[in-house]
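Below is target.pdb, holding PDB, C-alpha atoms, pLDDT in the B column.
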```pdb
ATOM      1  CA  MET A   1       0.000   0.000   0.000  1.00 42.00           C
ATOM      2  CA  LYS A   2       2.831   2.430   0.875  1.00 42.00           C
ATOM      3  CA  LYS A   3       4.493   1.669  -2.446  1.00 39.00           C
ATOM      4  CA  GLN A   4       1.278   2.454  -4.364  1.00 38.00           C
ATOM      5  CA  ILE A   5       0.840   5.753  -2.496  1.00 36.00           C
ATOM      6  CA  GLY A   6       4.462   6.661  -3.257  1.00 39.00           C
ATOM      7  CA  ILE A   7       3.948   5.917  -6.951  1.00 35.00           C
ATOM      8  CA  LEU A   8       0.744   7.963  -6.965  1.00 34.00           C
ATOM      9  CA  ILE A   9       2.515  10.936  -5.359  1.00 37.00           C
ATOM     10  CA  MET A  10       5.349  10.742  -7.908  1.00 38.00           C
ATOM     11  CA  ALA A  11       2.866  10.573 -10.790  1.00 34.00           C
ATOM     12  CA  ILE A  12       1.022  13.643  -9.483  1.00 35.00           C
ATOM     13  CA  ALA A  13       4.315  15.511  -9.078  1.00 35.00           C
ATOM     14  CA  LEU A  14       5.326  14.687 -12.665  1.00 32.00           C
ATOM     15  CA  VAL A  15       1.970  15.854 -14.001  1.00 32.00           C
ATOM     16  CA  MET A  16       2.236  19.100 -12.024  1.00 36.00           C
ATOM     17  CA  CYS A  17       5.716  19.769 -13.428  1.00 36.00           C
ATOM     18  CA  GLY A  18       4.423  19.197 -16.962  1.00 36.00           C
ATOM     19  CA  CYS A  19       1.727  21.867 -16.561  1.00 37.00           C
ATOM     20  CA  SER A  20       4.177  24.749 -16.390  1.00 40.00           C
ATOM     21  CA  ASN A  21       5.005  27.035 -19.342  1.00 43.00           C
ATOM     22  CA  VAL A  22       8.641  27.257 -18.315  1.00 47.00           C
ATOM     23  CA  GLY A  23      11.167  24.603 -17.372  1.00 43.00           C
ATOM     24  CA  SER A  24      11.023  23.238 -13.872  1.00 42.00           C
ATOM     25  CA  GLU A  25      13.116  24.920 -11.203  1.00 42.00           C
ATOM     26  CA  MET A  26      14.690  21.533 -10.609  1.00 36.00           C
ATOM     27  CA  GLU A  27      16.197  21.859 -14.089  1.00 45.00           C
ATOM     28  CA  LEU A  28      18.020  25.087 -13.262  1.00 63.00           C
ATOM     29  CA  ASP A  29      20.328  24.968 -16.232  1.00 80.00           C
ATOM     30  CA  MET A  30      20.487  28.673 -16.953  1.00 90.00           C
ATOM     31  CA  LEU A  31      20.675  29.795 -20.532  1.00 93.00           C
ATOM     32  CA  ASP A  32      23.913  31.243 -21.841  1.00 95.00           C
ATOM     33  CA  ILE A  33      22.188  34.658 -21.917  1.00 96.00           C
ATOM     34  CA  VAL A  34      20.106  35.222 -18.781  1.00 96.00           C
ATOM     35  CA  PHE A  35      19.099  38.901 -19.118  1.00 96.00           C
ATOM     36  CA  LYS A  36      18.997  41.141 -22.175  1.00 97.00           C
ATOM     37  CA  GLU A  37      18.521  44.897 -22.496  1.00 96.00           C
ATOM     38  CA  CYS A  38      17.600  46.456 -25.837  1.00 95.00           C
ATOM     39  CA  THR A  39      17.814  50.219 -26.345  1.00 94.00           C
ATOM     40  CA  VAL A  40      16.707  52.094 -29.437  1.00 91.00           C
ATOM     41  CA  TYR A  41      18.122  55.609 -29.564  1.00 88.00           C
ATOM     42  CA  ASN A  42      15.943  58.426 -30.804  1.00 82.00           C
ATOM     43  CA  LEU A  43      18.273  60.224 -33.179  1.00 76.00           C
ATOM     44  CA  TYR A  44      16.251  63.466 -32.930  1.00 74.00           C
ATOM     45  CA  VAL A  45      17.257  63.724 -29.267  1.00 70.00           C
ATOM     46  CA  HIS A  46      21.002  63.222 -29.669  1.00 68.00           C
ATOM     47  CA  ASN A  47      23.183  65.953 -31.138  1.00 62.00           C
ATOM     48  CA  TYR A  48      25.968  63.606 -32.143  1.00 63.00           C
ATOM     49  CA  ASP A  49      26.431  60.766 -34.566  1.00 65.00           C
ATOM     50  CA  MET A  50      25.721  57.495 -32.781  1.00 67.00           C
ATOM     51  CA  PRO A  51      24.396  54.067 -33.645  1.00 73.00           C
ATOM     52  CA  GLY A  52      20.647  53.630 -33.595  1.00 85.00           C
ATOM     53  CA  GLN A  53      20.565  50.842 -31.028  1.00 91.00           C
ATOM     54  CA  ILE A  54      22.502  48.803 -28.476  1.00 93.00           C
ATOM     55  CA  VAL A  55      22.054  45.344 -27.026  1.00 95.00           C
ATOM     56  CA  THR A  56      23.472  44.602 -23.580  1.00 95.00           C
ATOM     57  CA  PHE A  57      23.224  41.257 -21.836  1.00 96.00           C
ATOM     58  CA  LEU A  58      24.284  39.229 -18.829  1.00 96.00           C
ATOM     59  CA  ASP A  59      25.535  35.677 -19.322  1.00 96.00           C
ATOM     60  CA  LYS A  60      25.043  32.747 -16.939  1.00 95.00           C
ATOM     61  CA  ASN A  61      28.491  33.323 -15.416  1.00 94.00           C
ATOM     62  CA  GLY A  62      27.640  36.883 -14.393  1.00 94.00           C
ATOM     63  CA  ASN A  63      29.547  38.619 -17.221  1.00 95.00           C
ATOM     64  CA  TYR A  64      28.118  41.618 -19.058  1.00 96.00           C
ATOM     65  CA  TYR A  65      28.429  42.160 -22.826  1.00 97.00           C
ATOM     66  CA  PHE A  66      27.264  44.831 -25.254  1.00 96.00           C
ATOM     67  CA  SER A  67      27.228  45.627 -28.946  1.00 96.00           C
ATOM     68  CA  TYR A  68      26.230  48.595 -31.081  1.00 93.00           C
ATOM     69  CA  ASP A  69      26.461  46.451 -34.214  1.00 93.00           C
ATOM     70  CA  SER A  70      23.088  46.722 -35.976  1.00 89.00           C
ATOM     71  CA  GLU A  71      23.250  43.119 -37.188  1.00 92.00           C
ATOM     72  CA  LEU A  72      23.851  41.755 -33.678  1.00 93.00           C
ATOM     73  CA  CYS A  73      21.160  44.022 -32.222  1.00 92.00           C
ATOM     74  CA  SER A  74      18.577  42.535 -34.566  1.00 91.00           C
ATOM     75  CA  LEU A  75      19.431  38.840 -34.084  1.00 94.00           C
ATOM     76  CA  THR A  76      17.007  36.354 -32.572  1.00 94.00           C
ATOM     77  CA  ASN A  77      17.824  35.110 -29.088  1.00 94.00           C
ATOM     78  CA  GLU A  78      19.123  31.821 -30.495  1.00 95.00           C
ATOM     79  CA  GLU A  79      21.349  33.620 -33.015  1.00 96.00           C
ATOM     80  CA  LEU A  80      22.709  36.004 -30.374  1.00 96.00           C
ATOM     81  CA  THR A  81      23.519  33.021 -28.158  1.00 96.00           C
ATOM     82  CA  GLU A  82      25.398  31.408 -31.035  1.00 96.00           C
ATOM     83  CA  ARG A  83      27.388  34.620 -31.585  1.00 96.00           C
ATOM     84  CA  LEU A  84      28.304  34.627 -27.877  1.00 97.00           C
ATOM     85  CA  LYS A  85      29.430  30.986 -28.027  1.00 96.00           C
ATOM     86  CA  ALA A  86      31.473  31.760 -31.149  1.00 97.00           C
ATOM     87  CA  ASN A  87      33.247  34.640 -29.335  1.00 96.00           C
ATOM     88  CA  ASP A  88      32.101  37.152 -31.963  1.00 96.00           C
ATOM     89  CA  GLU A  89      34.530  40.085 -31.741  1.00 96.00           C
ATOM     90  CA  ARG A  90      31.630  42.538 -32.149  1.00 96.00           C
ATOM     91  CA  LEU A  91      30.421  41.532 -28.668  1.00 97.00           C
ATOM     92  CA  LYS A  92      32.393  43.549 -26.138  1.00 96.00           C
ATOM     93  CA  LYS A  93      32.828  42.200 -22.620  1.00 95.00           C
ATOM     94  CA  LEU A  94      32.465  44.829 -19.918  1.00 93.00           C
ATOM     95  CA  LEU A  95      34.715  45.038 -16.869  1.00 90.00           C
ATOM     96  CA  GLN A  96      31.597  44.548 -14.764  1.00 89.00           C
ATOM     97  CA  SER A  97      30.150  41.309 -13.486  1.00 91.00           C
ATOM     98  CA  CYS A  98      27.684  40.131 -10.880  1.00 93.00           C
ATOM     99  CA  ASP A  99      27.687  37.460  -8.202  1.00 91.00           C
ATOM    100  CA  ALA A 100      26.942  34.100  -9.869  1.00 89.00           C
ATOM    101  CA  ASP A 101      25.206  32.696  -6.760  1.00 90.00           C
ATOM    102  CA  GLU A 102      22.888  35.717  -6.551  1.00 93.00           C
ATOM    103  CA  LEU A 103      22.233  35.353 -10.274  1.00 95.00           C
ATOM    104  CA  GLN A 104      21.136  31.753  -9.807  1.00 94.00           C
ATOM    105  CA  GLU A 105      18.724  32.735  -7.004  1.00 94.00           C
ATOM    106  CA  ILE A 106      17.227  35.608  -8.998  1.00 95.00           C
ATOM    107  CA  TYR A 107      16.862  33.302 -12.007  1.00 95.00           C
ATOM    108  CA  LYS A 108      14.606  31.055  -9.917  1.00 94.00           C
ATOM    109  CA  LYS A 109      12.439  34.095  -9.171  1.00 95.00           C
ATOM    110  CA  LEU A 110      12.386  34.969 -12.888  1.00 95.00           C
ATOM    111  CA  LEU A 111      11.128  31.471 -13.734  1.00 94.00           C
ATOM    112  CA  ARG A 112       8.327  31.771 -11.188  1.00 93.00           C
ATOM    113  CA  ALA A 113       7.312  35.176 -12.584  1.00 94.00           C
ATOM    114  CA  ALA A 114       7.410  33.856 -16.162  1.00 92.00           C
ATOM    115  CA  GLU A 115       4.953  31.106 -15.172  1.00 92.00           C
ATOM    116  CA  ASN A 116       2.338  33.826 -14.577  1.00 90.00           C
ATOM    117  CA  GLU A 117       0.673  34.028 -17.995  1.00 89.00           C
ATOM    118  CA  LYS A 118      -1.024  37.302 -16.992  1.00 92.00           C
ATOM    119  CA  CYS A 119       2.263  39.026 -16.159  1.00 91.00           C
ATOM    120  CA  ALA A 120       2.895  41.913 -18.531  1.00 93.00           C
ATOM    121  CA  LEU A 121       4.235  45.429 -18.631  1.00 95.00           C
ATOM    122  CA  ASP A 122       1.740  47.715 -16.888  1.00 94.00           C
ATOM    123  CA  TYR A 123       1.529  50.814 -19.105  1.00 93.00           C
ATOM    124  CA  PRO A 124       0.036  53.999 -17.658  1.00 92.00           C
ATOM    125  CA  GLU A 125      -3.144  55.384 -19.211  1.00 90.00           C
ATOM    126  CA  ALA A 126      -1.268  58.417 -20.533  1.00 87.00           C
ATOM    127  CA  MET A 127       2.382  58.995 -21.365  1.00 87.00           C
ATOM    128  CA  PRO A 128       4.263  62.182 -22.275  1.00 86.00           C
ATOM    129  CA  ASP A 129       4.301  63.059 -25.952  1.00 87.00           C
ATOM    130  CA  VAL A 130       8.085  63.401 -26.214  1.00 86.00           C
ATOM    131  CA  GLU A 131      10.930  62.234 -28.407  1.00 83.00           C
ATOM    132  CA  ALA A 132      13.100  59.909 -26.306  1.00 88.00           C
ATOM    133  CA  ASP A 133      15.109  56.715 -26.323  1.00 89.00           C
ATOM    134  CA  SER A 134      13.306  53.487 -25.455  1.00 93.00           C
ATOM    135  CA  THR A 135      14.683  50.527 -23.534  1.00 95.00           C
ATOM    136  CA  THR A 136      13.198  47.150 -22.663  1.00 97.00           C
ATOM    137  CA  TRP A 137      14.751  44.676 -20.204  1.00 97.00           C
ATOM    138  CA  TYR A 138      14.096  40.961 -20.646  1.00 96.00           C
ATOM    139  CA  GLY A 139      14.650  37.804 -18.650  1.00 96.00           C
ATOM    140  CA  MET A 140      15.455  34.762 -20.774  1.00 95.00           C
ATOM    141  CA  TYR A 141      14.183  31.199 -20.286  1.00 93.00           C
ATOM    142  CA  CYS A 142      13.325  28.064 -22.260  1.00 90.00           C
ATOM    143  CA  ASP A 143       9.772  26.952 -22.829  1.00 86.00           C
ATOM    144  CA  LYS A 144       8.719  23.285 -22.704  1.00 85.00           C
ATOM    145  CA  GLU A 145       9.743  22.800 -26.339  1.00 88.00           C
ATOM    146  CA  GLY A 146      13.253  24.107 -25.611  1.00 87.00           C
ATOM    147  CA  LYS A 147      12.776  27.411 -27.472  1.00 90.00           C
ATOM    148  CA  ILE A 148      14.509  30.438 -25.956  1.00 92.00           C
ATOM    149  CA  CYS A 149      11.891  32.961 -24.856  1.00 92.00           C
ATOM    150  CA  GLN A 150      12.222  36.476 -23.544  1.00 93.00           C
ATOM    151  CA  PHE A 151      10.083  37.800 -20.739  1.00 91.00           C
ATOM    152  CA  PRO A 152       9.792  41.617 -20.366  1.00 95.00           C
ATOM    153  CA  ILE A 153      10.646  42.684 -16.806  1.00 96.00           C
ATOM    154  CA  HIS A 154      10.816  46.474 -17.290  1.00 97.00           C
ATOM    155  CA  ALA A 155      10.707  49.206 -19.925  1.00 96.00           C
ATOM    156  CA  ASN A 156      11.376  52.891 -20.319  1.00 95.00           C
ATOM    157  CA  GLU A 157       9.428  54.571 -23.093  1.00 94.00           C
ATOM    158  CA  ARG A 158       8.920  58.286 -23.681  1.00 90.00           C
ATOM    159  CA  MET A 159      10.776  59.057 -20.450  1.00 91.00           C
ATOM    160  CA  THR A 160       8.367  56.862 -18.447  1.00 93.00           C
ATOM    161  CA  GLU A 161       9.408  53.911 -16.275  1.00 96.00           C
ATOM    162  CA  ILE A 162       7.098  50.954 -16.920  1.00 96.00           C
ATOM    163  CA  LYS A 163       6.956  48.141 -14.388  1.00 96.00           C
ATOM    164  CA  THR A 164       5.165  44.820 -14.704  1.00 96.00           C
ATOM    165  CA  ASN A 165       2.002  43.812 -12.895  1.00 96.00           C
ATOM    166  CA  ASP A 166       3.937  41.077 -11.026  1.00 95.00           C
ATOM    167  CA  ASP A 167       5.999  41.946  -7.933  1.00 96.00           C
ATOM    168  CA  ARG A 168       8.450  39.093  -8.597  1.00 96.00           C
ATOM    169  CA  ALA A 169       9.303  40.420 -12.061  1.00 96.00           C
ATOM    170  CA  ASN A 170       9.739  43.910 -10.602  1.00 96.00           C
ATOM    171  CA  GLU A 171      12.075  42.496  -7.928  1.00 96.00           C
ATOM    172  CA  VAL A 172      14.076  40.709 -10.642  1.00 96.00           C
ATOM    173  CA  TYR A 173      14.492  44.015 -12.513  1.00 96.00           C
ATOM    174  CA  GLU A 174      15.483  45.850  -9.314  1.00 95.00           C
ATOM    175  CA  TRP A 175      18.168  43.241  -8.680  1.00 95.00           C
ATOM    176  CA  TYR A 176      19.391  43.343 -12.276  1.00 94.00           C
ATOM    177  CA  SER A 177      19.569  47.138 -12.378  1.00 91.00           C
ATOM    178  CA  GLY A 178      21.907  47.185  -9.357  1.00 87.00           C
ATOM    179  CA  ALA A 179      23.773  43.886  -9.713  1.00 85.00           C
ATOM    180  CA  ALA A 180      26.728  45.042 -11.828  1.00 79.00           C
ATOM    181  CA  LYS A 181      29.969  45.467  -9.908  1.00 73.00           C
ATOM    182  CA  THR A 182      33.280  46.589 -11.323  1.00 61.00           C
ATOM    183  CA  GLN A 183      36.413  44.715 -10.350  1.00 48.00           C
ATOM    184  CA  GLU A 184      37.232  47.550  -7.888  1.00 47.00           C
ATOM    185  CA  ASP A 185      33.831  47.175  -6.128  1.00 50.00           C
ATOM    186  CA  LYS A 186      34.386  43.500  -5.348  1.00 48.00           C
TER     187      LYS A 186
END
```

Please render this file's structure as structure tokens.
Amino acid sequence: MKKQIGILIMAIALVMCGCSNVGSEMELDMLDIVFKECTVYNLYVHNYDMPGQIVTFLDKNGNYYFSYDSELCSLTNEELTERLKANDERLKKLLQSCDADELQEIYKKLLRAAENEKCALDYPEAMPDVEADSTTWYGMYCDKEGKICQFPIHANERMTEIKTNDDRANEVYEWYSGAAKTQEDK
């Protein structure tokens, strides 16, 4: 009887794990790119010649990278990951990093927030009518089919900070926005 109850409990646990949109926390293999930030510069605002966009990201080891290269900025998540693995010279490694253990803990929180299908950026009813840069911050995860997905955790559009409607996602962004440490800070 105890053996049958144990098997029943395991079967229920397996079914519950299969109902999630994101990979189970037990499978905490972080992606090569954990967080990504995409900024599109409004060229009417800037008085100097600069690229139109930048992609910045944090890898699973806590290292930060960036690129102004328009091709890299427009790649899919899978393609950008391949460029990172190939050590593409257009990806510049910053002298900043974050604590890998903290990153792993915050990644667990990201996965829980991503499971909330109703989680989304919470736009205000009205925003300023201004020319400005726009930035969106994403957390990265794999869905059940193994496809790399991005989950918006924060945005800044028309000089307006836009949080999500999920406290966990907002906490993930707060951590990410202050996690970078230079070698001198450590």

Legend entry - Within 6 Å of Tyr65 in chain A using only C-alpha atoms, minus same-chain residues under 5 positions, as a PyMOL selection string: chain A and resi 56-57+92-94

Legend entry - Leu31 in chain A surroundings by all atoms listed in the file, 8 Å radius, close-in-sequence under 2 positions cut, as a PyMOL selection string: chain A and resi 29+33-34+59-60+140-142

Legend entry - Residues in the PyMOL selection byres ((chain A and resi 147) around 12), expressed as number ranges by chain: A: 21-23, 31, 76-79, 140-146, 148-150

So that I have them on file, write out the residues from the current selection with C-alpha atoms, as a PDB file, in the frame of the given file.
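Output file part30.pdb follows:
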```
ATOM      1  CA  ASN A  21       5.005  27.035 -19.342  1.00 43.00           C
ATOM      2  CA  VAL A  22       8.641  27.257 -18.315  1.00 47.00           C
ATOM      3  CA  GLY A  23      11.167  24.603 -17.372  1.00 43.00           C
ATOM      4  CA  LEU A  31      20.675  29.795 -20.532  1.00 93.00           C
ATOM      5  CA  THR A  76      17.007  36.354 -32.572  1.00 94.00           C
ATOM      6  CA  ASN A  77      17.824  35.110 -29.088  1.00 94.00           C
ATOM      7  CA  GLU A  78      19.123  31.821 -30.495  1.00 95.00           C
ATOM      8  CA  GLU A  79      21.349  33.620 -33.015  1.00 96.00           C
ATOM      9  CA  MET A 140      15.455  34.762 -20.774  1.00 95.00           C
ATOM     10  CA  TYR A 141      14.183  31.199 -20.286  1.00 93.00           C
ATOM     11  CA  CYS A 142      13.325  28.064 -22.260  1.00 90.00           C
ATOM     12  CA  ASP A 143       9.772  26.952 -22.829  1.00 86.00           C
ATOM     13  CA  LYS A 144       8.719  23.285 -22.704  1.00 85.00           C
ATOM     14  CA  GLU A 145       9.743  22.800 -26.339  1.00 88.00           C
ATOM     15  CA  GLY A 146      13.253  24.107 -25.611  1.00 87.00           C
ATOM     16  CA  ILE A 148      14.509  30.438 -25.956  1.00 92.00           C
ATOM     17  CA  CYS A 149      11.891  32.961 -24.856  1.00 92.00           C
ATOM     18  CA  GLN A 150      12.222  36.476 -23.544  1.00 93.00           C
TER      19      GLN A 150
END
```

Legend entry - Residue contacts of Val40 in chain A (7 Å, all atoms listed in the file) excluding same-chain residues fewer than 3 positions away, as a PyMOL selection string: chain A and resi 52-54+133-135

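CA of Lys163 in chain A is positioned 14.5 Å from CA of Ala126 in chain A.
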
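Taking only C-alpha atoms into account, Leu121 in chain A lies nearest to A:His154 out of the set A:Arg90, A:His154, A:Lys181, A:Lys85.
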
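Relative to CA of Val55 in chain A, CA of Asp166 in chain A is found at 24.5 Å.
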
Inset, instruction - I would like the residues chosen by the PyMOL selection byres ((chain A and resi 159) around 8) on the shown file; could you give them as a PyMOL selection string? - result: chain A and resi 128+130+132-134+156-158+160-161

Grab the residues selected above and save them as a CSV table (one decimal), in the coordinates of the input with C-alpha atoms.
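Output file out_13.csv follows:
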```csv
chain,number,residue,atom,x,y,z
A,128,PRO,CA,4.3,62.2,-22.3
A,130,VAL,CA,8.1,63.4,-26.2
A,132,ALA,CA,13.1,59.9,-26.3
A,133,ASP,CA,15.1,56.7,-26.3
A,134,SER,CA,13.3,53.5,-25.5
A,156,ASN,CA,11.4,52.9,-20.3
A,157,GLU,CA,9.4,54.6,-23.1
A,158,ARG,CA,8.9,58.3,-23.7
A,160,THR,CA,8.4,56.9,-18.4
A,161,GLU,CA,9.4,53.9,-16.3
```

Inset, instruction - Translate the PyMOL selection byres ((chain A and resi 139) around 9), as applied to the file shown, into an explicit residue set as number ranges by chain. - result: A: 33-37, 107, 110-111, 114, 137-138, 140-141, 149-153, 169, 172-173

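With all atoms listed in the file as the atoms that count, the residue of A:Ser177, A:Asn170, A:Gln96, A:Thr136 with the shortest distance to Asn61 in chain A is A:Gln96.
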
Legend entry - Distance in Å - CA of Glu174 in chain A versus CA of Leu43 in chain A: 28.0 Å

Inset, instruction - Identify which of the residues A:Ala155, A:Ala86, A:Arg168, A:Tyr64 lies closest to Cys119 in chain A, counting all atoms listed in the file when measuring atom-to-atom distances. - result: A:Arg168

Quick one: what's the axis-aligned box for range 80-99 of chain A, all listed atoms, 5 Å on every side, centre and edges in Å to one decimal, as JSON?
```
{"center_x": 28.7, "center_y": 38.0, "center_z": -20.2, "size_x": 22.0, "size_y": 24.1, "size_z": 33.9}
```
